[in-house]
Amino acid sequence: KELELEKQRRFLEEQVALRTAQMQAAVESVKKVNSELQQVQERLSIALDSAQIGIWEFNAKTKVETWDDRMYELFGIDKATASDPHREFAKGVLPEDLIKLQEEIRLTMRGEIDYDTVYRVRWPDGSLRYIKGSGLVIRDSDGTPTKVIGANYDITELKNYETNLHLAKEAAEAASVAKSDFLARMSHEIRTPMNAVIGMTHLALQTELTAKQRD
């Protein structure tokens with residue numbers, strides 16, 4: 001009996017040691033994963049900050065919208081004194097663009113389109129900014145939307161460049177038309193007296209002239 005009990009005791013000790021080692025390995029694995037996840041999050045945060053991308057999230061069940069710090073900057077407002085993000089969004093976006101965005105979001109939630117848009121924001125100082133926005137709808141197993149996660153960034157400089165490029169193109173086209181009109185008028189003004197000279201010369205040659213007159 002004592003020998004049997006000793007075997008059982010050793011077996012239990014081995015099992016406990018094995019389970020302890022497994023638990024320690026699991027804990028170390030979790031720590032490693034958490035550390036790697038934190039590094040990924042830090043890198044993502046740096047990347048988003050460098051690209052000046054604002055992240056927002058809308059909870060379809062609670063109707064609560066949350067912004068990161070960059071989103072407040074994109075709307076030219078101070079996070080500390082700002083009101084609810086949903087109200088700030090409605091207040092900052094131009095009315096005509098807000099109507100378009102509401103329809104786009106509705107269609108996105110229904111799965112009919114992808115949320116990929118451009119809208120204008122009026123800052124408190126009166127300046128106008130162009131914002132590029134995109135979003136992804138998260139759905140449950142039944143396909144019901146649970147949340148929308150989006151990213152926004154400022155494309156005002158790009159829009160200004162496109163506008164200036166368009167104006168420069170229009171100016172170049174106008175200059176080309178003006179040049180063509182000028183050349184056409186000059187050609188006409190030169191050709192008209194030349195036609196008279198040629199006509200008179202032709203008539204003169206039809207008359208009897210001395211050799212000296214012909215020269």
# chains A, B, ... in the order shown; residues from 1 in each chain; ligands from 1
$ residues_around --residues "segment 60-76 of chain A" --least-positions-apart "6" --cutoff "12 Å" --atoms "only C-alpha atoms" --output "PyMOL selection string"
chain A and resi 45+48-54+82-94+105-106+109+119-133+137-140+144-156
$ select_by_dssp --residues "segment 121-155 of chain A" --states "strand (DSSP E)" --output "list of chain:residue names"
A:Val121, A:Arg122, A:Leu128, A:Arg129, A:Tyr130, A:Ile131, A:Lys132, A:Gly133, A:Ser134, A:Gly135, A:Leu136, A:Val137, A:Ile138, A:Arg139, A:Pro145, A:Thr146, A:Lys147, A:Val148, A:Ile149, A:Gly150, A:Ala151, A:Asn152, A:Tyr153, A:Asp154
$ atom_distance --atom1 "atom CA of Glu14 of chain A" --atom2 "atom CA of Ala26 of chain A"
18.2 Å
$ atom_distance --atom1 "atom CA of Gly135 of chain A" --atom2 "atom CA of Asn164 of chain A"
29.5 Å
$ select_by_dssp --residues "segment 44-130 of chain A" --states "helix (DSSP H, G or I)" --output "PyMOL selection string"
chain A and resi 44-50+69-74+85-92+95-109
$ atom_distance --atom1 "atom CA of Phe58 of chain A" --atom2 "atom CA of Leu101 of chain A"
14.3 Å
